[in-house]
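Presented below is the structure to which this report refers.
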Amino acid sequence: GIQVEQSPPDLILQEGANSTLRCNFSDSVNNLQWFHQNPWGQLINLFYIPSGTKQNGRLSATTVATERYSLLYISSSQTTDSGVYFCAVSDRGSTLGRLYFGRGTQLTVWP
Amino acid sequence: SQTIHQWPATLVQPVGSPLSLECTVEGTSNPNLYWYRQAAGRGLQLLFYSIGIDQISSEVPQNLSASRPQDRQFILSSKKLLLSDSGFYLCAWSGQLDTEAFFGQGTRLTVV
């Protein structure tokens, strides 16, 4: 299957700071999603972004499919942004939503 | 709109006991359905997926099985739980024409 690497593994910020999370993947993909796992474990969909750039409030994401990476930007961090951020991709040749996950970035935002 | 329900939220079971976790999807028909497990250390691993009723594919050999008796119902089972089955289990769905996946709230299983 596709290999997905996320960096950094851990990130500690003070409230108000900006951050960039990176996701590298080993092969062409049909789908790329960013998730936020909240303290209760639920995976919250942030972006469905197999290519291009999207923005949603303080969050934005860019995927450069030809170079096999995606970036998640968080601006003006808040304590509620804390949690684990996952990048997940699916095979280019697959019509399934079967996802390969990275190991995540643990973000801690201090007040 | 589509919603996915998963229960129970937490479960503590003795070694050797059976398991049944249920997941249902509302607001869509003929979804692709998935069971993932998240062990300590954050990574999520696909266990089973289904593209239709009674059509189950297993990704990883293990002590678990899955069934899909109805279009929007997906069940994860075990006849005899092992300590190593402990973890966080997540059900997910995606559409037939769209690969974006959506997850349930998860079940935290502790085998004692």
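By convention here, the chains of the structure tokens are called A, B, ... in the order presented, each chain's residues are numbered starting at 1, and ligands are numbered starting at 1 in the order presented.
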- Message: Only residues of chain A matter here; which ones have an atom within 7 Å of chain B, counting only C-alpha atoms? Give them as number ranges by chain.
- Response: A: 31, 41-43, 48, 95-97, 101-104
Go ahead and write the selection's residues with N, CA, C and O atoms as a PDB file, in the first residue's frame.
```pdb
ATOM      1  N   ASN A  31      -7.393  10.335  -3.626  1.00  0.00           N
ATOM      2  CA  ASN A  31      -8.046  11.084  -2.564  1.00  0.00           C
ATOM      3  C   ASN A  31      -7.010  11.441  -1.515  1.00  0.00           C
ATOM      4  O   ASN A  31      -6.095  10.655  -1.256  1.00  0.00           O
ATOM      5  N   GLY A  41     -11.668  11.122  20.607  1.00  0.00           N
ATOM      6  CA  GLY A  41     -11.279  10.133  19.616  1.00  0.00           C
ATOM      7  C   GLY A  41     -11.952  10.262  18.261  1.00  0.00           C
ATOM      8  O   GLY A  41     -11.564   9.587  17.309  1.00  0.00           O
ATOM      9  N   GLN A  42     -12.944  11.107  18.162  1.00  0.00           N
ATOM     10  CA  GLN A  42     -13.662  11.207  16.897  1.00  0.00           C
ATOM     11  C   GLN A  42     -12.803  11.888  15.835  1.00  0.00           C
ATOM     12  O   GLN A  42     -12.095  12.855  16.127  1.00  0.00           O
ATOM     13  N   LEU A  43     -12.860  11.359  14.614  1.00  0.00           N
ATOM     14  CA  LEU A  43     -12.145  11.942  13.492  1.00  0.00           C
ATOM     15  C   LEU A  43     -13.057  12.946  12.802  1.00  0.00           C
ATOM     16  O   LEU A  43     -14.104  12.589  12.264  1.00  0.00           O
ATOM     17  N   TYR A  48     -11.077  17.592   2.132  1.00  0.00           N
ATOM     18  CA  TYR A  48     -10.986  16.572   1.096  1.00  0.00           C
ATOM     19  C   TYR A  48     -10.266  17.264  -0.050  1.00  0.00           C
ATOM     20  O   TYR A  48     -10.855  18.125  -0.716  1.00  0.00           O
ATOM     21  N   THR A  95     -11.533   2.931  -6.585  1.00  0.00           N
ATOM     22  CA  THR A  95     -12.740   3.736  -6.419  1.00  0.00           C
ATOM     23  C   THR A  95     -13.265   3.641  -4.992  1.00  0.00           C
ATOM     24  O   THR A  95     -14.271   4.238  -4.651  1.00  0.00           O
ATOM     25  N   LEU A  96     -12.553   2.880  -4.174  1.00  0.00           N
ATOM     26  CA  LEU A  96     -12.963   2.767  -2.773  1.00  0.00           C
ATOM     27  C   LEU A  96     -12.462   3.958  -1.977  1.00  0.00           C
ATOM     28  O   LEU A  96     -11.498   4.610  -2.352  1.00  0.00           O
ATOM     29  N   GLY A  97     -13.111   4.200  -0.844  1.00  0.00           N
ATOM     30  CA  GLY A  97     -12.613   5.213   0.072  1.00  0.00           C
ATOM     31  C   GLY A  97     -11.619   4.637   1.050  1.00  0.00           C
ATOM     32  O   GLY A  97     -11.385   5.216   2.094  1.00  0.00           O
ATOM     33  N   PHE A 101      -3.365   5.794   6.359  1.00  0.00           N
ATOM     34  CA  PHE A 101      -3.142   6.911   7.281  1.00  0.00           C
ATOM     35  C   PHE A 101      -1.669   7.103   7.599  1.00  0.00           C
ATOM     36  O   PHE A 101      -0.911   6.127   7.709  1.00  0.00           O
ATOM     37  N   GLY A 102      -1.287   8.360   7.809  1.00  0.00           N
ATOM     38  CA  GLY A 102      -0.024   8.663   8.448  1.00  0.00           C
ATOM     39  C   GLY A 102      -0.154   8.468   9.952  1.00  0.00           C
ATOM     40  O   GLY A 102      -1.253   8.170  10.456  1.00  0.00           O
ATOM     41  N   ARG A 103       0.948   8.637  10.665  1.00  0.00           N
ATOM     42  CA  ARG A 103       0.917   8.426  12.105  1.00  0.00           C
ATOM     43  C   ARG A 103       0.470   9.660  12.871  1.00  0.00           C
ATOM     44  O   ARG A 103       0.348   9.637  14.090  1.00  0.00           O
ATOM     45  N   GLY A 104       0.232  10.742  12.140  1.00  0.00           N
ATOM     46  CA  GLY A 104      -0.349  11.913  12.775  1.00  0.00           C
ATOM     47  C   GLY A 104       0.654  12.903  13.333  1.00  0.00           C
ATOM     48  O   GLY A 104       1.820  12.573  13.554  1.00  0.00           O
TER      49      GLY A 104
END
```
- Mind checking DSSP for chain A and telling me the strand (DSSP E or B) residues as an MDAnalysis selection string? chainID A and resid 4:7 10:14 19:25 29:37 43:48 52:56 59:64 69:74 83:91 100:101 105:110
Residues from the last selection, C-alpha atoms, saved as an mmCIF file, in the first residue's frame:
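Heads up, here's the output in result-v1.cif:
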```cif
data_model
loop_
_atom_site.group_PDB
_atom_site.id
_atom_site.type_symbol
_atom_site.label_atom_id
_atom_site.label_comp_id
_atom_site.auth_asym_id
_atom_site.auth_seq_id
_atom_site.Cartn_x
_atom_site.Cartn_y
_atom_site.Cartn_z
ATOM 1 C CA VAL A 4 2.202 8.193 4.259
ATOM 2 C CA GLU A 5 4.613 10.214 6.356
ATOM 3 C CA GLN A 6 3.610 13.157 8.487
ATOM 4 C CA SER A 7 5.820 15.763 10.073
ATOM 5 C CA ASP A 10 4.721 16.607 17.777
ATOM 6 C CA LEU A 11 4.187 20.351 17.797
ATOM 7 C CA ILE A 12 3.798 22.648 20.778
ATOM 8 C CA LEU A 13 2.594 26.201 20.231
ATOM 9 C CA GLN A 14 1.420 29.179 22.170
ATOM 10 C CA SER A 19 1.829 26.337 12.094
ATOM 11 C CA THR A 20 2.358 24.147 9.051
ATOM 12 C CA LEU A 21 1.865 20.388 9.055
ATOM 13 C CA ARG A 22 3.253 18.305 6.220
ATOM 14 C CA CYS A 23 2.145 15.035 4.630
ATOM 15 C CA ASN A 24 4.284 13.133 2.112
ATOM 16 C CA PHE A 25 2.960 10.122 0.218
ATOM 17 C CA VAL A 29 -3.472 9.169 -5.053
ATOM 18 C CA ASN A 30 -7.168 9.417 -5.807
ATOM 19 C CA ASN A 31 -8.046 11.084 -2.564
ATOM 20 C CA LEU A 32 -6.334 12.962 0.223
ATOM 21 C CA GLN A 33 -8.064 13.922 3.427
ATOM 22 C CA TRP A 34 -7.013 15.831 6.535
ATOM 23 C CA PHE A 35 -8.659 14.935 9.839
ATOM 24 C CA HIS A 36 -8.573 16.319 13.358
ATOM 25 C CA GLN A 37 -8.966 13.735 16.096
ATOM 26 C CA LEU A 43 -12.145 11.942 13.492
ATOM 27 C CA ILE A 44 -13.397 15.271 12.217
ATOM 28 C CA ASN A 45 -13.136 15.867 8.469
ATOM 29 C CA LEU A 46 -11.134 19.021 7.769
ATOM 30 C CA PHE A 47 -10.416 18.845 4.052
ATOM 31 C CA TYR A 48 -10.986 16.572 1.096
ATOM 32 C CA GLY A 52 -5.215 22.297 -5.212
ATOM 33 C CA THR A 53 -5.854 24.651 -2.323
ATOM 34 C CA LYS A 54 -8.812 25.055 0.017
ATOM 35 C CA GLN A 55 -9.517 27.316 2.952
ATOM 36 C CA ASN A 56 -11.935 27.028 5.831
ATOM 37 C CA LEU A 59 -7.364 26.474 8.348
ATOM 38 C CA SER A 60 -6.164 25.992 4.817
ATOM 39 C CA ALA A 61 -4.639 23.108 2.896
ATOM 40 C CA THR A 62 -2.640 22.668 -0.262
ATOM 41 C CA THR A 63 -1.936 19.441 -2.117
ATOM 42 C CA VAL A 64 0.689 19.244 -4.853
ATOM 43 C CA TYR A 69 2.822 16.169 -0.660
ATOM 44 C CA SER A 70 0.164 18.137 1.143
ATOM 45 C CA LEU A 71 0.365 20.942 3.700
ATOM 46 C CA LEU A 72 -2.117 21.933 6.374
ATOM 47 C CA TYR A 73 -1.853 25.508 7.652
ATOM 48 C CA ILE A 74 -3.288 26.579 10.971
ATOM 49 C CA GLY A 83 -5.326 17.144 19.207
ATOM 50 C CA VAL A 84 -3.919 14.823 16.581
ATOM 51 C CA TYR A 85 -4.021 15.766 12.905
ATOM 52 C CA PHE A 86 -4.063 12.941 10.407
ATOM 53 C CA CYS A 87 -3.404 12.859 6.715
ATOM 54 C CA ALA A 88 -4.909 9.931 4.803
ATOM 55 C CA VAL A 89 -4.813 8.953 1.138
ATOM 56 C CA SER A 90 -6.372 6.381 -1.175
ATOM 57 C CA ASP A 91 -4.882 4.598 -4.191
ATOM 58 C CA TYR A 100 -3.919 4.785 4.246
ATOM 59 C CA PHE A 101 -3.142 6.911 7.281
ATOM 60 C CA THR A 105 0.929 15.154 14.245
ATOM 61 C CA GLN A 106 0.148 15.742 17.923
ATOM 62 C CA LEU A 107 -0.562 19.456 18.298
ATOM 63 C CA THR A 108 -0.653 21.076 21.729
ATOM 64 C CA VAL A 109 -1.664 24.730 21.973
ATOM 65 C CA TRP A 110 -0.995 26.470 25.284
#
```
- Query: atom CA of B:Leu11 and atom CA of B:Asn63, how far apart in Å?
  - Reply: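 Here the two named atoms are 17.2 Å from each other.
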- Could you find all residues in chain A that DSSP calls helix (DSSP H, G or I) from the backbone, and write them as a PyMOL selection string? chain A and resi 65-67+79-81
- Message: Rounded to one decimal, what separation in Å do you get between atom CA of A:Ser26 and atom CA of B:Glu59?
- Response: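 Computing the Euclidean distance for atom CA of A:Ser26 and atom CA of B:Glu59 yields 19.8 Å.
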- Message: I want to know what sits within 9 Å of B:Thr28, based on only C-alpha atoms, with residues of the same chain fewer than 2 positions away left out; could you give that as a list in words?
- Response: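 Listing them by chain and then by number gives Ser1, Gln2, Thr3, Val25, Glu26, Asn30, Pro31, Arg72 and Gly95 of chain B.
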- Message: For a test of reading the model, state the distance in Å between atom CA of A:Arg98 and atom CA of B:Leu21, rounded to one decimal.
- Response: 19.9 Å
